[in-house]
Amino acid sequence: MKLQVSPRALFVMGFVLLLASNAMVLAGVAFNRGGAPEAVISVTQRELRMPYRLHKENSGLALRLVWRCESRLKDATHYTRTGSPKWFDEKKLKELGFEVEKAAGQKPYPVRHREPVAREVFIVLENDGETFERALMSAETAVEKAQEALSADPSDKKLKGRLKSAMERLKRERARESRLFAVNAGLDAGLLRERYTDRSRFIIAKGRVESRYGYGKKKRSPAGHISRLSIERINVPLKFRRDLDSLPAVKKPGTGSSGAVSYSIELAYGSRFEPWIRSVQGCGE
């Protein structure tokens, strides 16, 4: 005999489950924000970007956390979140629990292999520090080399194009690109914090990492890859919406209708390594 459940009972059960779920979420938020923050940093529109908006909206607003990494490629022309970070080598993979011995040293294959299992670990993010300075210096050096090459052959169109591209890259690095870089990863947040003590410059956040293998002429080379941070979109509380809604609608990331949309945000991370916005200052164009 089947147990009959009335629609009213199903509605009550669903309502109770919803209340319980919301209560758990609110309890987690309260626990994360209880006590002193784990880290507090000041970011701008370069690191915490507005979504595409062609007009003002009344719906909730979430900003996207933009981070980058220092590429392991020697001839890399820019610093990006794609590819493997310079520091994410075979040794780091082993520290994070990946088995790389089986794949390393094997004969090359015509396709790239990716280990299917990703892991959640702690990621260290450095804001406006030494890694960003290296990115800026790299862009400046690229301009200098392009200028030297063009001076030797002023009529070469390719060299003119390279100089233009190098100058555009330097302009982006100085004014628009994110200064937030992933600089390390680990399984123990406490040990990472002992090494990166400045809580106003280094964030410890949760993120997903995986192992990848590039194929050279003789063997497969293991390297780590950060696929994403566990939380990359951060909701703006209602009390701060007025500051951001007063800014021009964003048509492109980091830009407004006639120039750069600028604002300053104090971002905090709590005991669960989850972020929230503590203050917003809108500066307009």
# chains A, B, ... in the order shown; residues from 1 in each chain; ligands from 1
>>> residues_around(residues="Leu96 (chain A)", least_positions_apart="2", cutoff="7 Å", atoms="only C-alpha atoms", output="PyMOL selection string")
chain A and resi 92-94+98+186-187
>>> write_last_selection(atoms="N, CA and C atoms", output="short mmCIF file (atom, residue, chain, number, x, y, z; two decimals), in the first residue's frame")
data_model
loop_
_atom_site.label_atom_id
_atom_site.label_comp_id
_atom_site.auth_asym_id
_atom_site.auth_seq_id
_atom_site.Cartn_x
_atom_site.Cartn_y
_atom_site.Cartn_z
N LYS A 92 54.97 21.33 -6.61
CA LYS A 92 53.75 21.87 -6.00
C LYS A 92 52.58 20.92 -6.20
N LEU A 93 52.51 20.28 -7.35
CA LEU A 93 51.45 19.31 -7.58
C LEU A 93 51.49 18.19 -6.54
N LYS A 94 52.69 17.69 -6.26
CA LYS A 94 52.84 16.63 -5.27
C LYS A 94 52.43 17.11 -3.88
N PHE A 98 48.57 15.44 -5.81
CA PHE A 98 48.41 14.87 -7.13
C PHE A 98 49.47 13.81 -7.39
N GLY A 186 48.21 25.82 -1.31
CA GLY A 186 48.55 24.85 -0.29
C GLY A 186 47.32 24.19 0.29
N LEU A 187 47.55 23.21 1.14
CA LEU A 187 46.45 22.50 1.80
C LEU A 187 46.18 23.02 3.20
#
>>> select_by_dssp(residues="region 120-279 of chain A", states="helix (DSSP H, G or I)", output="ChimeraX atom specification")
/A:130-152,157-175,189-195,238-245
>>> residues_around(residues="region 60-67 of chain A", least_positions_apart="4", cutoff="8 Å", atoms="only C-alpha atoms", output="short mmCIF file (atom, residue, chain, number, x, y, z; two decimals) with N, CA and C atoms, in the first residue's frame")
data_model
loop_
_atom_site.label_atom_id
_atom_site.label_comp_id
_atom_site.auth_asym_id
_atom_site.auth_seq_id
_atom_site.Cartn_x
_atom_site.Cartn_y
_atom_site.Cartn_z
N ARG A 46 39.69 47.64 -11.08
CA ARG A 46 40.61 46.77 -11.80
C ARG A 46 40.53 45.33 -11.30
N GLU A 47 40.29 45.17 -10.00
CA GLU A 47 40.24 43.82 -9.40
C GLU A 47 38.83 43.32 -9.14
N LEU A 48 37.87 44.23 -8.98
CA LEU A 48 36.49 43.83 -8.68
C LEU A 48 35.60 44.57 -9.66
N ARG A 49 35.21 43.90 -10.74
CA ARG A 49 34.60 44.57 -11.88
C ARG A 49 33.08 44.46 -11.92
N MET A 50 32.50 45.53 -12.44
CA MET A 50 31.07 45.57 -12.65
C MET A 50 30.70 44.64 -13.81
N PRO A 51 29.49 44.11 -13.81
CA PRO A 51 29.04 43.30 -14.95
C PRO A 51 28.67 44.20 -16.12
N ARG A 81 45.28 34.84 -16.47
CA ARG A 81 44.78 33.75 -15.64
C ARG A 81 44.70 32.45 -16.42
N LEU A 125 46.51 35.02 -2.91
CA LEU A 125 46.41 36.09 -3.89
C LEU A 125 47.13 37.33 -3.36
N SER A 178 44.18 43.98 -13.81
CA SER A 178 44.11 43.64 -12.40
C SER A 178 45.50 43.52 -11.79
N ARG A 179 45.63 43.99 -10.56
CA ARG A 179 46.90 43.89 -9.83
C ARG A 179 46.87 42.73 -8.84
N LEU A 180 45.83 41.91 -8.94
CA LEU A 180 45.65 40.77 -8.04
C LEU A 180 46.19 39.51 -8.70
N PHE A 181 47.21 38.89 -8.09
CA PHE A 181 47.88 37.74 -8.69
C PHE A 181 47.85 36.53 -7.76
N ALA A 182 47.60 35.36 -8.34
CA ALA A 182 47.74 34.11 -7.60
C ALA A 182 49.22 33.77 -7.51
N GLU A 232 34.04 33.80 -6.97
CA GLU A 232 34.58 34.85 -7.82
C GLU A 232 33.59 35.98 -8.07
N ARG A 233 32.33 35.76 -7.71
CA ARG A 233 31.33 36.81 -7.82
C ARG A 233 30.84 37.18 -6.43
N ILE A 234 30.91 38.46 -6.12
CA ILE A 234 30.63 38.93 -4.77
C ILE A 234 29.44 39.88 -4.81
N ASN A 235 28.40 39.54 -4.08
CA ASN A 235 27.19 40.35 -4.07
C ASN A 235 27.42 41.68 -3.37
N VAL A 236 26.80 42.72 -3.93
CA VAL A 236 26.89 44.06 -3.34
C VAL A 236 25.69 44.25 -2.41
N ARG A 241 24.55 49.84 -2.85
CA ARG A 241 24.11 49.88 -4.24
C ARG A 241 24.06 51.30 -4.79
#
>>> closest_residue(among="A:Ile226, A:Ala175, A:Ile41, A:Ala36", to="Glu70 (chain A)", atoms="only C-alpha atoms")
A:Ile226
>>> select_by_dssp(residues="region 114-210 of chain A", states="strand (DSSP E)", output="list in words")
Arg114, Arg119, Glu120, Val121, Phe122, Ile123, Val124, Leu125, Glu126, Asn127, Leu180, Phe181, Ala182, Val183, Asn184, Ala185, Gly186, Phe202, Ile203, Ile204, Ala205, Lys206, Gly207, Arg208, Val209 and Glu210 of chain A
>>> write_last_selection(atoms="N, CA and C atoms", output="compact mmCIF listing (two decimals), in the first residue's frame")
# COMPACT_ATOMS: atom_id res chain seq x y z
N ARG A 114 44.59 15.81 -19.61
CA ARG A 114 44.26 16.53 -18.39
C ARG A 114 43.73 15.53 -17.37
N ARG A 119 40.87 19.47 -7.49
CA ARG A 119 40.88 19.54 -6.03
C ARG A 119 40.64 20.96 -5.57
N GLU A 120 39.98 21.09 -4.42
CA GLU A 120 39.83 22.41 -3.80
C GLU A 120 40.96 22.60 -2.79
N VAL A 121 41.72 23.67 -2.96
CA VAL A 121 42.84 23.96 -2.09
C VAL A 121 42.76 25.43 -1.70
N PHE A 122 43.75 25.88 -0.94
CA PHE A 122 43.83 27.30 -0.59
C PHE A 122 44.77 28.01 -1.57
N ILE A 123 44.31 29.13 -2.10
CA ILE A 123 45.08 29.92 -3.05
C ILE A 123 45.49 31.23 -2.39
N VAL A 124 46.76 31.59 -2.53
CA VAL A 124 47.24 32.88 -2.02
C VAL A 124 47.19 33.90 -3.16
N LEU A 125 46.51 35.02 -2.91
CA LEU A 125 46.41 36.09 -3.89
C LEU A 125 47.13 37.33 -3.36
N GLU A 126 48.04 37.86 -4.15
CA GLU A 126 48.80 39.05 -3.78
C GLU A 126 48.22 40.26 -4.51
N ASN A 127 47.91 41.32 -3.76
CA ASN A 127 47.31 42.52 -4.35
C ASN A 127 48.34 43.64 -4.43
N LEU A 180 45.83 41.91 -8.94
CA LEU A 180 45.65 40.77 -8.04
C LEU A 180 46.19 39.51 -8.70
N PHE A 181 47.21 38.89 -8.09
CA PHE A 181 47.88 37.74 -8.69
C PHE A 181 47.85 36.53 -7.76
N ALA A 182 47.60 35.36 -8.34
CA ALA A 182 47.74 34.11 -7.60
C ALA A 182 49.22 33.77 -7.51
N VAL A 183 49.74 33.65 -6.29
CA VAL A 183 51.19 33.48 -6.11
C VAL A 183 51.57 32.18 -5.41
N ASN A 184 50.61 31.45 -4.88
CA ASN A 184 50.94 30.18 -4.22
C ASN A 184 49.66 29.41 -3.93
N ALA A 185 49.82 28.15 -3.54
CA ALA A 185 48.68 27.32 -3.17
C ALA A 185 49.14 26.30 -2.13
N GLY A 186 48.21 25.82 -1.31
CA GLY A 186 48.55 24.85 -0.29
C GLY A 186 47.32 24.19 0.29
N PHE A 202 47.82 40.21 1.18
CA PHE A 202 47.67 38.82 0.76
C PHE A 202 46.33 38.25 1.21
N ILE A 203 45.58 37.74 0.27
CA ILE A 203 44.32 37.04 0.53
C ILE A 203 44.58 35.54 0.50
N ILE A 204 43.93 34.81 1.37
CA ILE A 204 43.89 33.35 1.25
C ILE A 204 42.45 32.97 0.94
N ALA A 205 42.25 32.39 -0.23
CA ALA A 205 40.92 32.03 -0.68
C ALA A 205 40.91 30.56 -1.11
N LYS A 206 39.72 30.00 -1.20
CA LYS A 206 39.60 28.63 -1.69
C LYS A 206 39.48 28.64 -3.21
N GLY A 207 40.08 27.63 -3.85
CA GLY A 207 40.01 27.56 -5.29
C GLY A 207 40.18 26.14 -5.80
N ARG A 208 39.82 25.91 -7.05
CA ARG A 208 39.92 24.61 -7.68
C ARG A 208 41.18 24.56 -8.55
N VAL A 209 41.96 23.48 -8.37
CA VAL A 209 43.17 23.30 -9.17
C VAL A 209 43.15 21.92 -9.81
N GLU A 210 43.93 21.78 -10.87
CA GLU A 210 44.01 20.50 -11.56
C GLU A 210 45.41 20.35 -12.14
>>> atom_distance(atom1="CA of Leu247 (chain A)", atom2="CA of Tyr263 (chain A)")
9.0 Å
>>> atom_distance(atom1="CA of Gly161 (chain A)", atom2="CA of Glu173 (chain A)")
18.4 Å
>>> atom_distance(atom1="CA of Ala166 (chain A)", atom2="CA of Ala223 (chain A)")
28.3 Å
>>> residues_around(residues="region 273-282 of chain A", least_positions_apart="6", cutoff="6 Å", atoms="only C-alpha atoms", output="PyMOL selection string")
chain A and resi 205+243-244+263-267
>>> closest_residue(among="A:Lys158, A:Leu191, A:Ser151, A:Arg68", to="Ala135 (chain A)", atoms="only C-alpha atoms")
A:Arg68
>>> decode(residues="region 85-182 of chain A", atoms="C-alpha atoms", output="PDB file, in the first residue's frame")
ATOM      1  CA  PRO A  85      51.351  29.785 -13.139  1.00  0.00           C
ATOM      2  CA  LYS A  86      55.132  29.937 -13.055  1.00  0.00           C
ATOM      3  CA  TRP A  87      55.280  28.552  -9.513  1.00  0.00           C
ATOM      4  CA  PHE A  88      52.791  25.694 -10.096  1.00  0.00           C
ATOM      5  CA  ASP A  89      55.348  23.004 -10.978  1.00  0.00           C
ATOM      6  CA  GLU A  90      55.603  19.251 -10.401  1.00  0.00           C
ATOM      7  CA  LYS A  91      56.785  19.738  -6.814  1.00  0.00           C
ATOM      8  CA  LYS A  92      53.753  21.872  -5.995  1.00  0.00           C
ATOM      9  CA  LEU A  93      51.446  19.307  -7.579  1.00  0.00           C
ATOM     10  CA  LYS A  94      52.838  16.628  -5.271  1.00  0.00           C
ATOM     11  CA  GLU A  95      52.401  18.913  -2.257  1.00  0.00           C
ATOM     12  CA  LEU A  96      48.732  19.233  -3.169  1.00  0.00           C
ATOM     13  CA  GLY A  97      48.272  15.464  -3.388  1.00  0.00           C
ATOM     14  CA  PHE A  98      48.405  14.872  -7.134  1.00  0.00           C
ATOM     15  CA  GLU A  99      50.015  11.698  -8.478  1.00  0.00           C
ATOM     16  CA  VAL A 100      52.299  12.806 -11.287  1.00  0.00           C
ATOM     17  CA  GLU A 101      54.882   9.989 -11.423  1.00  0.00           C
ATOM     18  CA  LYS A 102      52.795   7.849 -13.787  1.00  0.00           C
ATOM     19  CA  ALA A 103      52.402  10.575 -16.377  1.00  0.00           C
ATOM     20  CA  ALA A 104      55.791  12.264 -16.122  1.00  0.00           C
ATOM     21  CA  GLY A 105      58.436  10.971 -18.503  1.00  0.00           C
ATOM     22  CA  GLN A 106      56.075   9.043 -20.742  1.00  0.00           C
ATOM     23  CA  LYS A 107      56.303   9.309 -24.496  1.00  0.00           C
ATOM     24  CA  PRO A 108      54.538  12.302 -26.017  1.00  0.00           C
ATOM     25  CA  TYR A 109      51.074  11.981 -27.466  1.00  0.00           C
ATOM     26  CA  PRO A 110      49.457  14.083 -30.207  1.00  0.00           C
ATOM     27  CA  VAL A 111      46.826  15.384 -27.790  1.00  0.00           C
ATOM     28  CA  ARG A 112      46.971  17.088 -24.431  1.00  0.00           C
ATOM     29  CA  HIS A 113      46.047  15.070 -21.376  1.00  0.00           C
ATOM     30  CA  ARG A 114      44.257  16.525 -18.387  1.00  0.00           C
ATOM     31  CA  GLU A 115      43.811  14.649 -15.134  1.00  0.00           C
ATOM     32  CA  PRO A 116      40.034  14.472 -14.632  1.00  0.00           C
ATOM     33  CA  VAL A 117      39.936  15.028 -10.859  1.00  0.00           C
ATOM     34  CA  ALA A 118      40.224  18.631  -9.663  1.00  0.00           C
ATOM     35  CA  ARG A 119      40.880  19.535  -6.033  1.00  0.00           C
ATOM     36  CA  GLU A 120      39.835  22.407  -3.803  1.00  0.00           C
ATOM     37  CA  VAL A 121      42.840  23.963  -2.091  1.00  0.00           C
ATOM     38  CA  PHE A 122      43.833  27.297  -0.593  1.00  0.00           C
ATOM     39  CA  ILE A 123      45.081  29.918  -3.053  1.00  0.00           C
ATOM     40  CA  VAL A 124      47.237  32.882  -2.023  1.00  0.00           C
ATOM     41  CA  LEU A 125      46.410  36.093  -3.892  1.00  0.00           C
ATOM     42  CA  GLU A 126      48.795  39.054  -3.779  1.00  0.00           C
ATOM     43  CA  ASN A 127      47.315  42.515  -4.352  1.00  0.00           C
ATOM     44  CA  ASP A 128      49.441  45.268  -5.899  1.00  0.00           C
ATOM     45  CA  GLY A 129      52.741  43.670  -4.900  1.00  0.00           C
ATOM     46  CA  GLU A 130      55.973  42.358  -6.363  1.00  0.00           C
ATOM     47  CA  THR A 131      54.294  40.185  -8.996  1.00  0.00           C
ATOM     48  CA  PHE A 132      52.410  43.138 -10.413  1.00  0.00           C
ATOM     49  CA  GLU A 133      55.636  45.160 -10.432  1.00  0.00           C
ATOM     50  CA  ARG A 134      57.254  42.443 -12.533  1.00  0.00           C
ATOM     51  CA  ALA A 135      54.324  42.513 -14.950  1.00  0.00           C
ATOM     52  CA  LEU A 136      54.682  46.278 -15.263  1.00  0.00           C
ATOM     53  CA  MET A 137      58.442  46.042 -15.791  1.00  0.00           C
ATOM     54  CA  SER A 138      57.915  43.327 -18.397  1.00  0.00           C
ATOM     55  CA  ALA A 139      55.559  45.604 -20.349  1.00  0.00           C
ATOM     56  CA  GLU A 140      58.021  48.495 -20.121  1.00  0.00           C
ATOM     57  CA  THR A 141      60.869  46.284 -21.336  1.00  0.00           C
ATOM     58  CA  ALA A 142      58.768  45.099 -24.281  1.00  0.00           C
ATOM     59  CA  VAL A 143      58.231  48.725 -25.349  1.00  0.00           C
ATOM     60  CA  GLU A 144      61.946  49.497 -25.078  1.00  0.00           C
ATOM     61  CA  LYS A 145      62.904  46.461 -27.182  1.00  0.00           C
ATOM     62  CA  ALA A 146      60.271  47.285 -29.798  1.00  0.00           C
ATOM     63  CA  GLN A 147      61.521  50.864 -30.015  1.00  0.00           C
ATOM     64  CA  GLU A 148      65.125  49.694 -30.455  1.00  0.00           C
ATOM     65  CA  ALA A 149      64.137  47.252 -33.185  1.00  0.00           C
ATOM     66  CA  LEU A 150      62.111  49.890 -35.042  1.00  0.00           C
ATOM     67  CA  SER A 151      64.903  52.462 -34.822  1.00  0.00           C
ATOM     68  CA  ALA A 152      67.148  50.018 -36.700  1.00  0.00           C
ATOM     69  CA  ASP A 153      64.587  49.671 -39.513  1.00  0.00           C
ATOM     70  CA  PRO A 154      61.993  52.506 -39.368  1.00  0.00           C
ATOM     71  CA  SER A 155      60.210  51.384 -42.533  1.00  0.00           C
ATOM     72  CA  ASP A 156      59.351  47.865 -41.288  1.00  0.00           C
ATOM     73  CA  LYS A 157      55.561  47.636 -40.875  1.00  0.00           C
ATOM     74  CA  LYS A 158      55.743  44.540 -38.653  1.00  0.00           C
ATOM     75  CA  LEU A 159      58.060  46.327 -36.229  1.00  0.00           C
ATOM     76  CA  LYS A 160      55.692  49.297 -36.170  1.00  0.00           C
ATOM     77  CA  GLY A 161      52.849  46.929 -35.308  1.00  0.00           C
ATOM     78  CA  ARG A 162      54.868  45.308 -32.535  1.00  0.00           C
ATOM     79  CA  LEU A 163      55.657  48.676 -31.013  1.00  0.00           C
ATOM     80  CA  LYS A 164      52.001  49.687 -31.141  1.00  0.00           C
ATOM     81  CA  SER A 165      50.947  46.447 -29.453  1.00  0.00           C
ATOM     82  CA  ALA A 166      53.656  46.808 -26.788  1.00  0.00           C
ATOM     83  CA  MET A 167      52.578  50.380 -26.026  1.00  0.00           C
ATOM     84  CA  GLU A 168      48.934  49.335 -25.759  1.00  0.00           C
ATOM     85  CA  ARG A 169      49.873  46.547 -23.373  1.00  0.00           C
ATOM     86  CA  LEU A 170      51.874  48.958 -21.200  1.00  0.00           C
ATOM     87  CA  LYS A 171      48.926  51.345 -21.129  1.00  0.00           C
ATOM     88  CA  ARG A 172      46.623  48.545 -19.967  1.00  0.00           C
ATOM     89  CA  GLU A 173      49.079  47.431 -17.281  1.00  0.00           C
ATOM     90  CA  ARG A 174      49.357  50.952 -15.909  1.00  0.00           C
ATOM     91  CA  ALA A 175      45.671  51.779 -15.865  1.00  0.00           C
ATOM     92  CA  ARG A 176      43.319  48.839 -16.336  1.00  0.00           C
ATOM     93  CA  GLU A 177      44.727  45.357 -15.724  1.00  0.00           C
ATOM     94  CA  SER A 178      44.113  43.635 -12.398  1.00  0.00           C
ATOM     95  CA  ARG A 179      46.895  43.890  -9.830  1.00  0.00           C
ATOM     96  CA  LEU A 180      45.651  40.772  -8.038  1.00  0.00           C
ATOM     97  CA  PHE A 181      47.877  37.738  -8.694  1.00  0.00           C
ATOM     98  CA  ALA A 182      47.742  34.106  -7.604  1.00  0.00           C
TER      99      ALA A 182
END
